[in-house]
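Shown next: upload_39.cif, given as mmCIF, C-alpha atoms.
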```cif
data_entry
loop_
_atom_site.label_atom_id
_atom_site.label_comp_id
_atom_site.auth_asym_id
_atom_site.auth_seq_id
_atom_site.Cartn_x
_atom_site.Cartn_y
_atom_site.Cartn_z
CA MET O 193 -28.31 78.95 -43.29
CA ASN O 194 -27.44 78.99 -46.97
CA ASP O 195 -27.37 82.14 -49.01
CA THR O 196 -29.33 81.96 -52.24
CA ASN O 197 -28.60 85.27 -53.92
CA GLY O 198 -24.93 84.82 -54.71
CA ARG O 199 -23.60 86.85 -51.81
CA ALA O 200 -21.82 83.74 -50.56
CA LEU O 201 -19.49 83.69 -53.56
CA GLY O 202 -17.89 86.98 -52.55
CA PRO O 203 -15.83 85.70 -49.60
CA THR O 204 -14.69 82.71 -51.65
CA ARG O 205 -13.38 84.95 -54.43
CA VAL O 206 -11.67 87.24 -51.96
CA ALA O 207 -10.04 84.27 -50.21
CA ASP O 208 -8.84 82.80 -53.50
CA SER O 209 -7.38 86.15 -54.58
CA LEU O 210 -5.67 86.60 -51.23
CA LEU O 211 -4.14 83.12 -51.30
CA ARG O 212 -2.87 83.65 -54.85
CA SER O 213 -1.39 87.02 -53.98
CA LEU O 214 0.42 85.46 -51.00
CA GLY O 215 2.14 82.86 -53.14
CA GLY O 216 -0.69 80.55 -53.94
CA GLN O 217 1.29 77.35 -54.31
CA SER O 218 -0.19 73.93 -55.00
CA VAL O 219 0.36 70.88 -52.81
CA LEU O 220 -0.60 67.23 -53.01
CA LEU O 221 -3.12 65.60 -50.73
CA ARG O 222 -2.49 61.87 -50.36
CA LEU O 223 -5.56 59.65 -50.21
CA PRO O 224 -5.59 55.89 -49.65
CA GLY O 225 -7.52 53.67 -52.02
CA VAL O 226 -10.70 51.95 -50.88
CA ALA O 227 -10.02 48.88 -48.73
CA THR O 228 -10.56 45.51 -50.38
CA ALA O 229 -13.51 43.53 -49.05
CA GLY O 230 -12.67 40.06 -47.77
CA ASP O 231 -8.93 40.73 -47.76
CA ASP O 232 -7.34 40.40 -44.32
CA THR O 233 -3.84 41.33 -45.42
CA GLU O 234 -4.40 45.09 -45.15
CA GLN O 235 -5.84 44.69 -41.65
CA LEU O 236 -2.75 42.71 -40.66
CA GLY O 237 -0.26 45.15 -42.16
CA LEU O 238 0.81 42.60 -44.77
CA SER O 239 -0.14 44.85 -47.66
CA VAL O 240 -0.79 48.54 -48.08
CA PRO O 241 -3.51 50.24 -50.11
CA VAL O 242 -2.78 52.07 -53.33
CA PHE O 243 -2.39 55.78 -52.68
CA GLN O 244 -3.65 58.57 -54.88
CA ASP O 245 -2.19 62.08 -54.81
CA VAL O 246 -4.55 64.89 -55.73
CA THR O 247 -3.47 68.46 -56.33
CA ILE O 248 -5.05 71.21 -54.26
CA GLY O 249 -4.40 74.89 -54.70
CA PRO O 250 -4.13 77.74 -54.16
CA VAL O 251 -2.81 77.18 -50.67
CA VAL O 252 -0.54 79.12 -48.39
CA TYR O 253 1.77 77.09 -46.18
CA ARG O 254 3.06 79.04 -43.27
CA LYS O 255 4.85 78.68 -40.01
CA LEU O 256 3.50 81.85 -38.51
CA ARG O 257 2.84 80.15 -35.22
CA PRO O 258 5.03 77.07 -35.31
CA THR O 259 5.21 75.08 -32.12
CA VAL O 260 7.64 72.32 -31.28
CA GLU O 261 6.21 69.53 -29.14
CA THR O 262 8.15 67.65 -26.48
CA ASP O 263 8.59 64.74 -28.90
CA GLY O 264 10.12 67.11 -31.45
CA THR O 265 7.10 67.28 -33.74
CA ILE O 266 6.93 70.58 -35.60
CA ARG O 267 3.49 71.93 -36.34
CA ALA O 268 2.54 74.31 -39.09
CA GLU O 269 -0.58 75.72 -40.65
CA MET O 270 -1.88 75.62 -44.16
CA LEU O 271 -4.64 77.80 -45.54
CA VAL O 272 -6.54 76.16 -48.36
CA SER O 273 -9.06 77.64 -50.76
CA SER O 274 -12.54 76.18 -50.47
CA THR O 275 -12.78 76.28 -54.26
CA ALA O 276 -10.00 73.70 -54.53
CA ILE O 277 -11.57 71.46 -51.91
CA GLU O 278 -15.06 71.62 -53.39
CA LYS O 279 -13.66 70.63 -56.77
CA GLN O 280 -11.93 67.52 -55.37
CA VAL O 281 -14.79 66.56 -53.06
CA GLY O 282 -17.12 66.65 -56.05
CA SER O 283 -14.91 64.83 -58.53
CA LEU O 284 -13.86 62.12 -56.06
CA GLN O 285 -17.45 61.74 -54.83
CA PHE O 286 -16.86 62.31 -51.14
CA ASP O 287 -19.88 63.10 -48.97
CA SER O 288 -18.32 66.24 -47.53
CA ALA O 289 -15.06 68.08 -47.04
CA SER O 290 -14.76 66.71 -43.49
CA VAL O 291 -14.88 63.14 -44.82
CA PHE O 292 -12.36 64.10 -47.49
CA PHE O 293 -9.86 65.37 -44.92
CA ALA O 294 -10.58 62.50 -42.50
CA GLN O 295 -9.69 59.97 -45.19
CA ALA O 296 -6.47 61.70 -46.19
CA VAL O 297 -3.12 60.29 -45.08
CA GLY O 298 -1.56 63.73 -45.18
CA VAL O 299 -0.36 66.62 -47.29
CA ILE O 300 2.85 66.54 -49.28
CA VAL O 301 4.67 69.84 -48.95
CA ASP O 302 7.99 70.14 -50.77
CA GLY O 303 8.28 66.37 -50.88
CA VAL O 304 7.53 65.84 -47.18
CA LEU O 305 4.36 64.02 -46.14
CA MET O 306 2.81 65.93 -43.25
CA ARG O 307 0.04 64.49 -41.13
CA ILE O 308 -3.22 66.45 -40.80
CA GLU O 309 -3.83 67.08 -37.10
CA SER O 310 -6.96 69.17 -37.34
CA VAL O 311 -9.11 71.06 -39.80
CA THR O 312 -11.12 74.18 -39.14
CA VAL O 313 -13.38 75.90 -41.61
CA SER O 314 -14.25 79.56 -42.02
CA GLU O 315 -17.75 80.24 -43.30
CA LEU O 316 -19.76 83.25 -44.32
CA PHE O 317 -23.40 83.23 -45.42
CA GLY O 318 -23.45 79.48 -44.78
CA LYS O 319 -20.69 78.71 -47.27
CA PRO O 320 -17.08 77.75 -46.50
CA TYR O 321 -14.49 80.05 -48.02
CA LEU O 322 -11.27 78.91 -46.34
CA TYR O 323 -9.94 75.79 -44.64
CA ARG O 324 -7.18 75.96 -42.06
CA LEU O 325 -5.21 72.74 -41.69
CA GLU O 326 -2.91 72.10 -38.77
CA LEU O 327 -0.07 69.87 -39.98
CA ALA O 328 2.60 67.88 -38.15
CA THR O 329 5.92 66.71 -39.49
CA PRO O 330 6.73 62.99 -39.42
CA LEU O 331 8.90 61.92 -36.48
CA ALA O 332 11.69 60.89 -38.85
CA LEU O 333 12.25 64.55 -39.69
CA THR O 334 12.22 65.95 -36.19
CA THR O 335 15.78 65.19 -35.11
CA MET J 177 5.55 36.49 -32.89
CA GLU J 178 3.82 37.92 -35.92
CA ASN J 179 1.68 34.83 -36.40
CA ALA J 180 0.54 35.03 -32.78
CA LYS J 181 -0.35 38.72 -33.17
CA ASP J 182 -2.21 38.08 -36.42
CA THR J 183 -4.10 35.09 -35.02
CA PHE J 184 -5.08 36.96 -31.86
CA TYR J 185 -6.51 39.87 -33.85
CA ILE J 186 -8.39 37.76 -36.40
CA THR J 187 -9.81 35.57 -33.62
CA LEU J 188 -11.11 38.55 -31.66
CA ARG J 189 -12.44 40.19 -34.83
CA ASN J 190 -14.39 37.12 -35.88
CA ARG J 191 -15.74 36.58 -32.38
CA LEU J 192 -16.84 40.22 -32.17
CA ALA J 193 -18.64 39.95 -35.51
CA ALA J 194 -20.55 36.97 -34.12
CA LEU J 195 -21.16 38.41 -30.65
CA ASN J 196 -22.28 41.88 -31.67
CA PRO J 197 -22.76 42.31 -35.44
CA ASP J 198 -23.82 45.91 -34.84
CA ARG J 199 -20.41 46.97 -33.55
CA THR J 200 -18.95 48.03 -36.87
CA MET J 201 -16.88 50.84 -38.31
CA VAL J 202 -16.16 52.14 -41.77
CA MET J 203 -12.48 52.11 -42.58
CA ARG J 204 -11.45 53.43 -46.00
CA GLY J 205 -14.89 52.82 -47.41
CA LEU J 206 -15.22 49.28 -46.05
CA LEU J 207 -17.63 48.22 -43.31
CA ARG J 208 -15.70 46.11 -40.80
CA PRO J 209 -16.19 44.75 -37.28
CA GLY J 210 -15.32 47.47 -34.79
CA ILE J 211 -11.84 46.30 -33.86
CA LEU J 212 -8.45 47.18 -35.31
CA VAL J 213 -4.73 46.87 -34.67
CA GLU J 214 -3.37 50.37 -34.31
CA GLU J 215 0.05 49.62 -35.81
CA ASN J 216 -1.54 48.22 -38.98
CA GLU J 217 -3.63 51.28 -39.81
CA ILE J 218 -2.88 54.74 -41.14
CA VAL J 219 -1.68 57.05 -38.38
CA SER J 220 -4.56 59.11 -37.12
CA ALA J 221 -4.64 62.07 -34.78
CA GLU J 222 -7.89 60.89 -33.26
CA MET J 223 -8.81 57.71 -31.41
CA PRO J 224 -11.88 56.10 -32.98
CA ARG J 225 -14.99 55.94 -30.79
CA ASP J 226 -16.95 52.78 -29.92
CA VAL J 227 -14.23 50.60 -31.40
CA PHE J 228 -11.66 48.27 -29.82
CA VAL J 229 -8.10 49.33 -30.61
CA LEU J 230 -5.37 46.74 -30.06
CA ARG J 231 -1.96 48.14 -29.19
CA TRP J 232 0.99 45.77 -28.88
CA LYS J 233 3.38 46.69 -26.07
CA ASP J 234 5.95 44.61 -24.17
CA ALA J 235 7.36 41.33 -25.43
CA ALA J 236 9.42 38.66 -23.66
CA VAL J 237 10.84 35.29 -24.69
CA ASP J 238 11.44 32.36 -22.34
CA MET J 239 14.13 30.16 -23.86
CA GLN J 240 14.07 27.57 -21.01
CA GLN J 241 11.49 25.48 -22.83
CA PRO J 242 11.69 22.88 -25.62
CA LEU J 243 10.09 25.55 -27.78
CA ALA J 244 10.67 29.22 -27.01
CA LEU J 245 7.66 30.66 -25.20
CA THR J 246 6.85 34.23 -26.12
CA LYS J 247 4.78 36.55 -24.00
CA LEU J 248 3.24 39.58 -25.67
CA GLN J 249 1.39 42.30 -23.88
CA CYS J 250 -1.62 43.68 -25.71
CA GLU J 251 -3.45 46.79 -24.62
CA VAL J 252 -7.05 47.02 -25.70
CA VAL J 253 -8.12 50.66 -25.71
CA TYR J 254 -11.77 51.55 -26.14
CA GLY J 255 -14.01 54.46 -25.38
CA THR J 256 -17.30 56.09 -26.10
CA ASP J 257 -18.86 59.53 -26.16
CA GLY J 258 -22.31 58.12 -25.48
CA ASN J 259 -25.25 58.68 -27.71
CA ALA J 260 -25.76 62.28 -28.81
CA ASP J 261 -29.53 61.71 -28.93
CA ASN J 262 -29.39 60.83 -25.25
CA ALA J 263 -27.21 63.83 -24.39
CA ALA J 264 -24.39 61.32 -23.72
CA MET J 265 -26.15 60.28 -20.51
CA ASP J 266 -25.84 56.65 -21.57
CA ARG J 267 -22.04 56.73 -21.94
CA GLY J 268 -21.47 54.70 -18.78
CA ARG J 269 -23.81 51.96 -19.94
CA LEU J 270 -22.20 51.90 -23.40
CA LEU J 271 -18.73 51.55 -21.91
CA THR J 272 -19.94 48.76 -19.61
CA ALA J 273 -21.38 47.00 -22.67
CA MET J 274 -17.94 47.22 -24.29
CA ASP J 275 -16.36 45.80 -21.10
CA ALA J 276 -18.69 42.82 -21.36
CA GLU J 277 -18.06 42.40 -25.08
CA LEU J 278 -14.31 42.36 -24.49
CA ALA J 279 -14.69 39.67 -21.83
CA GLY J 280 -16.91 37.75 -24.24
CA ILE J 281 -14.55 37.79 -27.21
CA LEU J 282 -11.57 36.84 -25.04
CA ASN J 283 -13.32 33.66 -23.95
CA PRO J 284 -12.19 30.93 -24.56
CA GLY J 285 -8.65 32.15 -24.10
CA HIS J 286 -6.97 30.10 -26.78
CA ALA J 287 -6.87 29.58 -30.54
CA VAL J 288 -4.93 27.52 -33.04
CA LYS J 289 -2.09 29.61 -34.40
CA MET J 290 -2.49 30.45 -38.07
CA ASN J 291 -0.04 31.69 -40.66
CA TYR J 292 -1.70 34.55 -42.55
CA ALA J 293 1.46 35.53 -44.40
CA GLN J 294 1.05 32.78 -46.95
CA GLU J 295 -1.73 31.90 -49.34
CA PRO J 296 -3.73 29.84 -48.53
CA VAL J 297 -3.76 30.58 -44.82
CA THR J 298 -2.56 27.52 -42.93
CA ALA J 299 -3.05 26.22 -39.41
CA MET J 300 0.19 25.75 -37.47
CA SER J 301 1.09 22.99 -35.03
CA THR J 302 0.66 24.92 -31.80
CA SER J 303 -1.96 27.11 -30.19
CA LEU J 304 -1.70 30.48 -28.55
CA PHE J 305 -3.40 31.25 -25.27
CA TRP J 306 -4.05 34.39 -23.33
CA SER J 307 -5.00 35.73 -19.92
CA ASP J 308 -8.24 37.37 -18.87
CA ALA J 309 -8.34 41.13 -19.36
CA ALA J 310 -7.00 43.30 -16.57
CA TYR J 311 -9.27 46.33 -16.74
CA GLY J 312 -7.69 49.70 -16.06
CA PRO J 313 -9.55 52.66 -14.58
CA ILE J 314 -11.96 54.71 -16.64
CA VAL J 315 -10.40 57.91 -17.92
CA SER J 316 -13.00 60.61 -18.29
CA GLU J 317 -12.73 63.80 -20.32
CA ARG J 318 -15.99 65.68 -20.62
CA GLU J 319 -18.41 63.26 -22.29
CA HIS J 320 -15.67 60.87 -23.41
CA LEU J 321 -15.04 57.76 -21.34
CA GLN J 322 -12.09 55.55 -22.15
CA ARG J 323 -10.63 52.42 -20.67
CA THR J 324 -7.49 50.42 -21.33
CA ALA J 325 -7.52 46.71 -20.62
CA THR J 326 -4.39 44.58 -20.74
CA VAL J 327 -4.14 41.01 -21.99
CA GLU J 328 -1.06 38.81 -21.98
CA VAL J 329 -0.78 36.56 -25.02
CA PHE J 330 1.44 33.47 -24.91
CA SER J 331 2.67 31.49 -27.87
CA TYR J 332 5.30 28.86 -28.64
CA GLU J 333 7.69 29.80 -31.43
CA GLU J 334 7.69 26.96 -33.90
CA PRO J 335 10.98 26.06 -35.64
CA GLU J 336 9.86 27.58 -38.97
CA GLU J 337 9.10 30.90 -37.25
CA ARG J 338 12.70 31.46 -36.16
#
```
As a first step, turn the structure in this file into structure tokens.
Amino acid sequence: MNDTNGRALGPTRVADSLLRSLGGQSVLLRLPGVATAGDDTEQLGLSVPVFQDVTIGPVVYRKLRPTVETDGTIRAEMLVSSTAIEKQVGSLQFDSASVFFAQAVGVIVDGVLMRIESVTVSELFGKPYLYRLELATPLALTT
Amino acid sequence: MENAKDTFYITLRNRLAALNPDRTMVMRGLLRPGILVEENEIVSAEMPRDVFVLRWKDAAVDMQQPLALTKLQCEVVYGTDGNADNAAMDRGRLLTAMDAELAGILNPGHAVKMNYAQEPVTAMSTSLFWSDAAYGPIVSEREHLQRTATVEVFSYEEPEER
């Protein structure tokens, strides 16, 4: 149920302030370009799409509960402001934030492309105020 | 081997589009037949539903032939969650329909090998051929049903492929 009297903006502002006070860095989200119709080469791995990096922030990247999988993959969490996501979803004309994250190749943190394993959203009064991304390091960096 | 892998995928994709035009997926904004080669797509944490995923596994080469005969093992992984409107109670029927579709697109079990790495795409001198699917058991996790079928794909390596 959506809030119509502005109450829903409160949690968003609090979340943004909290993220900024905890460091509030910006990261890049890597998105692939739209596939080319009638071109088999991308489907065969002969060519790759053009990638676009968009800045999202404030975010807090943390390894508060890092886990190391049996294959050596290191997982970490990233908290992302809903303000940043809404801005990109709107400007890039995605249907929703879930589609936006589903399309993304990963998040670039300090030059390392990390794969998005899962996304959970925190809502209050029917409006998202914080996204929690579970990230995994590429296998090349796990040794 | 790459030409055999490419030809196998494109053949199955085109046959699927003809057999069941409704089995589609949207990949990076493009509507495509519902079949893909896992190693050619962006790494994803989640297996797509109601789509055939080709996964290339073992490879072997028999050199005791005038032309080297390669054998490639291809796993075809597919699954469904059923229809949410039907409370997923139709998931068994949907998986059986995918079993039948797989058998349909694998028949006939041969195709002229094509070279997709050059423009225009050219037909090569030999054909590739493949076995019937060996269907593995259904793996069930709550409403999700998944099966892996295995197909062996054979191809002669032409001199220009070496």
Exercise for review: Do me a favour and pick out the residues of chain O within 9 Å of chain J, using only C-alpha atoms, as number ranges by chain.
Suggested key: O: 224-229, 232-238, 294-295, 297, 307-310
Surrounding residues of Val313 of chain O excluding itself and chain neighbours under 3 positions, 10 Å, only C-alpha atoms, as a compact mmCIF listing (two decimals) with C-alpha atoms, in the frame of the given file:
```txt
# COMPACT_ATOMS: atom_id res chain seq x y z
CA LEU O 271 -4.64 77.80 -45.54
CA VAL O 272 -6.54 76.16 -48.36
CA SER O 274 -12.54 76.18 -50.47
CA ALA O 289 -15.06 68.08 -47.04
CA SER O 290 -14.76 66.71 -43.49
CA LYS O 319 -20.69 78.71 -47.27
CA PRO O 320 -17.08 77.75 -46.50
CA TYR O 321 -14.49 80.05 -48.02
CA LEU O 322 -11.27 78.91 -46.34
CA TYR O 323 -9.94 75.79 -44.64
CA ARG O 324 -7.18 75.96 -42.06
CA LEU O 325 -5.21 72.74 -41.69
```
Check your understanding: How many Å lie between atom CA of Met274 of chain J and atom CA of Met177 of chain J, rounded to one decimal?
Key -> 27.2 Å
Exercise for review: List the residues matched by the PyMOL selection byres ((chain J and resi 227) around 6) in the displayed structure as a PyMOL selection string, ordered by chain and then by residue number.
Suggested key: chain J and resi 210-211+225-226+228+254
Those residues with C-alpha atoms, as a PDB file, in the coordinates of the input please?
```pdb
ATOM      1  CA  GLY J 210     -15.320  47.470 -34.790  1.00  0.00           C
ATOM      2  CA  ILE J 211     -11.840  46.300 -33.860  1.00  0.00           C
ATOM      3  CA  ARG J 225     -14.990  55.940 -30.790  1.00  0.00           C
ATOM      4  CA  ASP J 226     -16.950  52.780 -29.920  1.00  0.00           C
ATOM      5  CA  PHE J 228     -11.660  48.270 -29.820  1.00  0.00           C
ATOM      6  CA  TYR J 254     -11.770  51.550 -26.140  1.00  0.00           C
TER       7      TYR J 254
END
```
Point to revise | Atom pair atom CA of Gly282 of chain O / atom CA of Phe317 of chain O: separation (Å) | key: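 Going from atom CA of Gly282 of chain O over to atom CA of Phe317 of chain O covers 20.7 Å.
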Check your understanding: Expanded to explicit residues, what is the PyMOL selection byres ((chain O and resi 210-220) around 8) for this file, as a list in words?
Key ->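 Matching residues under the PyMOL selection byres ((chain O and resi 210-220) around 8) are Val206, Ala207, Asp208, Ser209, Leu221, Arg222, Asp245, Val246, Thr247, Ile248, Gly249, Pro250, Val251, Val252, Leu271, Val272, Ser273, Val299, Ile300, Val301 and Asp302 of chain O.
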**Study point:** Residue among J:Thr256, J:Thr187, J:Ser307, J:Gln241 lying closest to Met290 of chain J, counting only C-alpha atoms
**Key:** J:Thr187
Practice item. To one decimal in Å, tell me the separation between atom CA of Ala296 of chain O and atom CA of Ala328 of chain O. Key: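 So the answer is 13.6 Å.
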Review point. Where does the PyMOL selection byres ((chain J and resi 332) around 12) land in this file, that is, which residues does it pick, as a ChimeraX atom specification?
Key: /J:177-180,236-248,288-289,300-305,329-331,333-338
Check your understanding: Using only C-alpha atoms, which residues sit within 12 Å of Ala276 of chain J once same-chain residues fewer than 3 positions away are excluded, as a ChimeraX atom specification?
Key -> /J:192,195-196,269-273,279-283,309,311,325
